[in-house]
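Enquirer: Compact mmCIF, C-alpha atoms and all ligand atoms, saved as model-v7.txt, coming up:
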```
# COMPACT_ATOMS: atom_id res chain seq x y z
CA MET A 1 106.48 105.05 121.75
CA ARG A 2 109.99 105.35 120.45
CA ARG A 3 110.72 107.40 117.36
CA LYS A 4 111.57 105.55 114.19
CA THR A 5 115.29 105.32 113.39
CA ILE A 6 116.63 106.79 110.17
CA GLY A 7 120.00 105.52 109.01
CA LEU A 8 122.15 108.17 107.34
CA SER A 9 124.85 106.96 104.97
CA ALA A 10 128.20 108.24 106.24
CA ASN A 11 130.75 110.16 104.23
CA ILE A 12 134.48 110.05 104.61
CA ASN A 13 136.86 112.93 104.37
CA ASN A 14 139.95 111.98 102.37
CA ASP A 15 142.05 114.45 104.35
CA ASN A 16 140.90 113.07 107.69
CA PRO A 17 140.02 109.42 107.11
CA ILE A 18 139.27 108.71 110.76
CA ALA A 19 136.07 110.79 110.56
CA ASP A 20 132.84 109.21 109.31
CA TYR A 21 130.24 111.95 109.20
CA ALA A 22 126.92 113.24 107.94
CA ASN A 23 126.20 116.96 107.85
CA VAL A 24 124.16 118.32 110.73
CA ALA A 25 121.39 119.53 108.38
CA TYR A 26 120.33 115.93 107.56
CA CYS A 27 120.18 115.07 111.27
CA SER A 28 118.23 118.23 112.10
CA ALA A 29 115.71 117.61 109.32
CA VAL A 30 115.09 114.04 110.55
CA ILE A 31 114.68 115.23 114.15
CA LYS A 32 112.30 117.99 113.06
CA ALA A 33 110.25 115.36 111.19
CA SER A 34 110.03 113.29 114.43
CA GLY A 35 112.59 110.64 113.53
CA THR A 36 115.85 109.70 115.25
CA PRO A 37 118.90 110.03 112.98
CA LEU A 38 121.68 107.48 113.17
CA ILE A 39 124.89 107.91 111.16
CA LEU A 40 126.04 104.54 109.81
CA PRO A 41 129.86 104.35 109.73
CA VAL A 42 131.63 103.12 106.61
CA THR A 43 132.20 99.36 106.65
CA LYS A 44 132.16 96.41 104.30
CA ASN A 45 131.51 93.92 107.09
CA ASP A 46 128.39 92.11 105.94
CA ASP A 47 127.16 91.28 109.45
CA VAL A 48 127.41 94.94 110.46
CA LEU A 49 125.64 96.08 107.29
CA ASN A 50 122.85 93.59 108.02
CA ASP A 51 122.57 94.98 111.56
CA TYR A 52 122.26 98.52 110.13
CA ILE A 53 119.39 97.28 107.98
CA ASP A 54 117.67 95.63 110.98
CA ILE A 55 118.11 98.60 113.29
CA CYS A 56 116.91 101.29 110.88
CA ASP A 57 113.35 101.87 109.75
CA GLY A 58 114.26 104.11 106.80
CA PHE A 59 117.38 105.39 105.08
CA ILE A 60 118.72 108.67 103.79
CA PHE A 61 121.59 108.49 101.32
CA THR A 62 123.41 111.77 101.78
CA GLY A 63 125.36 114.14 99.55
CA GLY A 64 129.10 113.94 99.11
CA LYS A 65 131.92 113.30 96.70
CA ASP A 66 131.63 111.92 93.16
CA ILE A 67 130.96 108.24 92.52
CA THR A 68 133.84 106.31 90.94
CA PRO A 69 132.82 106.09 87.26
CA LEU A 70 133.86 102.41 87.03
CA PHE A 71 130.65 101.65 88.94
CA TYR A 72 128.65 102.86 85.94
CA GLY A 73 130.94 101.37 83.36
CA GLU A 74 133.12 104.37 82.50
CA GLU A 75 136.71 105.36 83.01
CA THR A 76 137.38 108.61 84.84
CA ARG A 77 137.64 111.75 82.71
CA PRO A 78 139.45 114.92 83.78
CA LEU A 79 136.48 116.84 85.21
CA CYS A 80 135.34 114.07 87.53
CA SER A 81 136.19 115.22 91.06
CA ASN A 82 137.21 113.40 94.30
CA THR A 83 136.12 109.78 94.55
CA SER A 84 136.60 106.89 96.98
CA THR A 85 135.95 103.25 96.06
CA ASN A 86 135.94 102.47 99.79
CA LEU A 87 133.00 104.82 100.29
CA ASP A 88 131.28 103.68 97.08
CA GLU A 89 131.45 99.98 97.95
CA TYR A 90 129.99 100.60 101.42
CA GLN A 91 127.13 102.78 100.14
CA ILE A 92 126.35 100.48 97.21
CA ALA A 93 126.14 97.45 99.52
CA LEU A 94 124.00 99.42 102.01
CA PHE A 95 121.67 100.65 99.26
CA LYS A 96 121.17 97.16 97.79
CA LYS A 97 120.27 95.73 101.19
CA ALA A 98 118.00 98.67 102.11
CA PHE A 99 116.25 98.56 98.75
CA ALA A 100 115.57 94.82 99.10
CA THR A 101 113.76 95.34 102.45
CA GLN A 102 111.36 97.86 100.87
CA LYS A 103 112.01 100.25 103.75
CA PRO A 104 111.67 103.89 102.65
CA ILE A 105 114.73 105.46 101.00
CA LEU A 106 115.43 109.13 100.35
CA GLY A 107 118.47 109.96 98.22
CA ILE A 108 119.86 113.48 98.27
CA CYS A 109 122.39 114.81 95.70
CA ARG A 110 125.10 112.11 95.62
CA GLY A 111 122.49 109.87 97.29
CA MET A 112 120.19 110.20 94.28
CA GLN A 113 123.12 109.55 91.94
CA LEU A 114 124.06 106.47 93.96
CA MET A 115 120.47 105.19 93.71
CA ASN A 116 120.65 105.68 89.96
CA VAL A 117 124.01 103.92 89.57
CA VAL A 118 123.00 100.91 91.70
CA LEU A 119 119.86 100.56 89.56
CA GLY A 120 121.96 100.51 86.39
CA GLY A 121 121.91 104.17 85.33
CA THR A 122 124.75 106.47 84.32
CA LEU A 123 125.91 109.99 85.22
CA TYR A 124 127.39 113.00 83.51
CA GLN A 125 130.90 113.12 84.99
CA ASP A 126 130.64 116.89 84.66
CA LEU A 127 127.73 118.96 83.33
CA SER A 128 130.07 120.54 80.76
CA GLU A 129 129.79 117.16 78.97
CA HIS A 130 126.12 117.87 78.25
CA ASP A 131 125.36 118.52 74.56
CA GLN A 132 123.65 121.80 75.33
CA LYS A 133 124.53 124.85 77.33
CA VAL A 134 123.34 124.19 80.84
CA LEU A 135 122.45 126.44 83.77
CA LYS A 136 124.80 127.10 86.66
CA HIS A 137 124.22 124.07 88.90
CA VAL A 138 127.00 124.89 91.37
CA GLN A 139 125.49 127.94 92.96
CA SER A 140 127.75 130.63 94.29
CA CYS A 141 124.95 132.60 95.91
CA ASP A 142 124.07 132.41 99.61
CA PRO A 143 123.49 128.78 100.74
CA LEU A 144 119.91 129.63 101.74
CA ASP A 145 119.18 131.16 98.32
CA THR A 146 117.67 129.04 95.58
CA ALA A 147 119.42 128.78 92.23
CA HIS A 148 117.07 127.50 89.53
CA GLU A 149 113.57 126.30 88.78
CA VAL A 150 112.49 122.67 88.47
CA HIS A 151 109.31 121.27 86.89
CA PHE A 152 107.62 118.22 88.39
CA GLU A 153 106.02 115.29 86.63
CA ASN A 154 102.32 114.86 87.32
CA GLY A 155 101.68 111.68 89.31
CA SER A 156 104.94 111.78 91.26
CA VAL A 157 105.32 112.05 95.04
CA LEU A 158 107.08 115.38 94.50
CA PHE A 159 104.29 116.77 92.32
CA ASP A 160 101.92 116.09 95.22
CA ILE A 161 104.11 118.25 97.44
CA PHE A 162 105.18 121.04 95.10
CA GLY A 163 102.69 121.13 92.24
CA GLU A 164 104.08 121.99 88.82
CA LYS A 165 107.26 123.82 89.74
CA ALA A 166 109.53 125.10 92.49
CA MET A 167 112.80 126.93 93.00
CA VAL A 168 115.60 124.75 94.40
CA ASN A 169 119.18 125.15 95.51
CA SER A 170 121.91 123.55 93.42
CA THR A 171 125.40 122.40 94.40
CA HIS A 172 126.14 119.59 91.93
CA HIS A 173 128.47 119.42 88.94
CA GLN A 174 127.28 115.94 87.96
CA ALA A 175 123.77 114.66 87.18
CA VAL A 176 121.82 111.59 86.11
CA LYS A 177 122.38 110.85 82.42
CA MET A 178 120.55 107.59 81.77
CA PRO A 179 118.01 106.73 84.49
CA GLY A 180 118.38 103.36 86.22
CA LYS A 181 115.91 100.50 85.89
CA ASP A 182 112.34 101.42 86.83
CA LEU A 183 113.23 104.97 87.87
CA MET A 184 110.84 107.60 86.60
CA ILE A 185 112.10 111.13 86.08
CA SER A 186 109.99 113.23 88.42
CA ALA A 187 111.67 116.63 87.97
CA ARG A 188 113.85 118.46 85.48
CA ALA A 189 115.47 121.88 85.44
CA ASN A 190 114.69 124.20 82.51
CA ASP A 191 117.89 123.06 80.77
CA GLY A 192 116.61 119.46 80.83
CA ILE A 193 118.92 118.28 83.63
CA ILE A 194 117.28 115.56 85.71
CA GLU A 195 116.63 116.89 89.21
CA ALA A 196 114.56 114.10 90.80
CA VAL A 197 113.73 110.43 90.32
CA GLU A 198 111.28 108.01 91.92
CA HIS A 199 111.15 104.24 91.70
CA ARG A 200 107.97 102.99 90.04
CA ASP A 201 107.41 99.91 92.22
CA HIS A 202 109.24 100.47 95.51
CA PRO A 203 106.96 101.82 98.31
CA PHE A 204 109.15 104.93 98.70
CA CYS A 205 112.43 105.33 96.86
CA VAL A 206 112.81 109.00 95.95
CA GLY A 207 115.90 110.91 94.91
CA VAL A 208 116.39 114.66 94.65
CA GLN A 209 119.41 116.40 93.16
CA TRP A 210 119.09 119.48 95.35
CA HIS A 211 119.45 119.85 99.14
CA PRO A 212 116.04 120.16 100.82
CA GLU A 213 117.63 119.54 104.24
CA LYS A 214 119.23 122.99 104.06
CA LEU A 215 115.88 124.67 103.43
CA VAL A 216 113.54 122.97 105.93
CA ASP A 217 113.41 126.04 108.17
CA VAL A 218 112.72 128.51 105.36
CA ASP A 219 110.46 126.51 103.01
CA GLU A 220 107.57 124.40 104.32
CA LYS A 221 107.43 122.33 101.13
CA MET A 222 111.09 121.33 101.47
CA PHE A 223 110.27 120.14 104.98
CA SER A 224 107.30 118.21 103.53
CA ILE A 225 109.74 115.92 101.70
CA PHE A 226 110.99 114.76 105.11
CA LYS A 227 107.49 114.67 106.60
CA ILE A 228 106.14 112.47 103.81
CA PHE A 229 109.22 110.24 104.01
CA MET A 230 108.64 109.88 107.78
CA ASP A 231 104.92 109.22 107.21
CA LYS A 232 105.92 106.25 105.05
CA VAL A 233 108.40 105.08 107.69
CA ASN A 234 105.77 105.36 110.43
CA ASP A 235 103.25 103.40 108.34
CA LEU A 236 105.48 100.32 108.37
MN MN B 1 120.54 121.74 89.84
```
As structure tokens, how would this structure be written, given the file I've shared?
Ligand SMILES: [Mn+2]
Expert:
Amino acid sequence: MRRKTIGLSANINNDNPIADYANVAYCSAVIKASGTPLILPVTKNDDVLNDYIDICDGFIFTGGKDITPLFYGEETRPLCSNTSTNLDEYQIALFKKAFATQKPILGICRGMQLMNVVLGGTLYQDLSEHDQKVLKHVQSCDPLDTAHEVHFENGSVLFDIFGEKAMVNSTHHQAVKMPGKDLMISARANDGIIEAVEHRDHPFCVGVQWHPEKLVDVDEKMFSIFKIFMDKVNDL
């Protein structure tokens, strides 16, 4: 029996626009969880996007650059970092189509923020805009070290994996401000920053602000996120 195919949203590198890529860690995590990863190149061709949706059994929206604030109704302020409307428009179209099929979706870092924006939510353009002093969310420790604690909401998919709390890595300078429609907040850091969301009605639409794909070989629970995602994909 063939493995299920997991579409990975591609990123583009502004300095080298011929390369559409997804970091190896996402691919390795999918392979380890018995799926076949497939990077989906950036396009706005509707027929190609529809083929992506047909071919793939589940989707991972990957980390990457900032989302153009116009897509959540704001103009860009100075601390917003690199953006690309070309990338945004492709990922937004892909997310809308994937969401409509009810195929499982996992959003990681930018991928969670994209999920939130498509569902009508907003972002902090930079965490310095938060009213309160926040923790360091752009870790400068070793990439395999964790940076801060998160607390999980009882009744969420993530609570079932982690229980009440866990240590996570952190490489984001933006975060969800207002959650999108029907997204429940399933984890927060101790400074109140939203670290995970889950859609209330979709069969599996989960977003995490940290990078579990980097920790699958050192933390069994981080790998469980991918296992449970693949379980859902295999149930279809
Ligand atoms: Mn964080």
Enquirer: Hey, which residues sit close to ligand MN 1 (chain B)? Say within 8 Å, counting all atoms listed in the file, and write them as JSON, numbers by chain.
Expert: {"A": [135, 136, 137, 138, 147, 148, 168, 169, 170, 171, 172, 189, 193, 195, 209, 210]}
Enquirer: Of the residues A:Glu89, A:Asp66, A:Asp219, A:Asp182, which is the one nearest to Cys205 in chain A, using only C-alpha atoms?
Expert: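 The answer is A:Asp182, which sits nearest to Cys205 in chain A.
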Enquirer: Between A:Cys27, A:Arg77, A:Thr5, A:Leu94, which has the minimum distance to Pro41 in chain A (counting all atoms listed in the file)?
Expert: A:Leu94
Enquirer: Within 12 Å of (117.2, 120.7, 106.9), in the coordinates the file gives, what residues turn up when you count all atoms listed in the file, written out as number ranges by chain?
Expert: A: 23-33, 108, 143-144, 210-227
Enquirer: Compare A:Asp126, A:Asp231, A:Asp142, A:Glu198 by their minimum atom-to-atom distance to Ser81 in chain A, counting all atoms listed in the file, and give me the closest one.
Expert: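 With all atoms listed in the file as the atom set, the closest residue is A:Asp126.
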Enquirer: Please work out which residues fall within 9 Å of (115.8, 106.4, 91.7), coordinates as given in the file, with all atoms listed in the file counting, and return them as a list in words.
Expert: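 Neighbouring residues, ordered by chain and number, come to Gly107, Met112, Gln113, Leu114, Met115, Asn116, Val117, Leu119, Pro179, Gly180, Lys181, Asp182, Leu183, Met184, Ile185, Ala196, Val197, Glu198, His199, Arg200, Cys205, Val206, Gly207 and Val208 of chain A.
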Enquirer: When distances are computed from only C-alpha atoms, which of A:Glu153, A:Asp46, A:Asp57, A:Asp15 shows the smallest separation from Arg3 in chain A?
Expert: A:Asp57
Enquirer: Which one is closest to Pro69 in chain A: A:Leu123, A:Val233, A:Ala22, A:Glu164? Count only C-alpha atoms.
Expert: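 So, comparing all the options, the nearest one is A:Leu123.
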Enquirer: Pick out the closest residue to Gly7 in chain A from this set: A:Leu70, A:Ala187, A:Met167, A:Ala98. Count only C-alpha atoms.
Expert: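 For Gly7 in chain A, the nearest of the candidates is A:Ala98.
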Enquirer: Go ahead and compute the interatomic distance for CA of Lys165 in chain A and CA of Val150 in chain A, in Å to one decimal.
Expert: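 Interatomic distance here is 5.5 Å.
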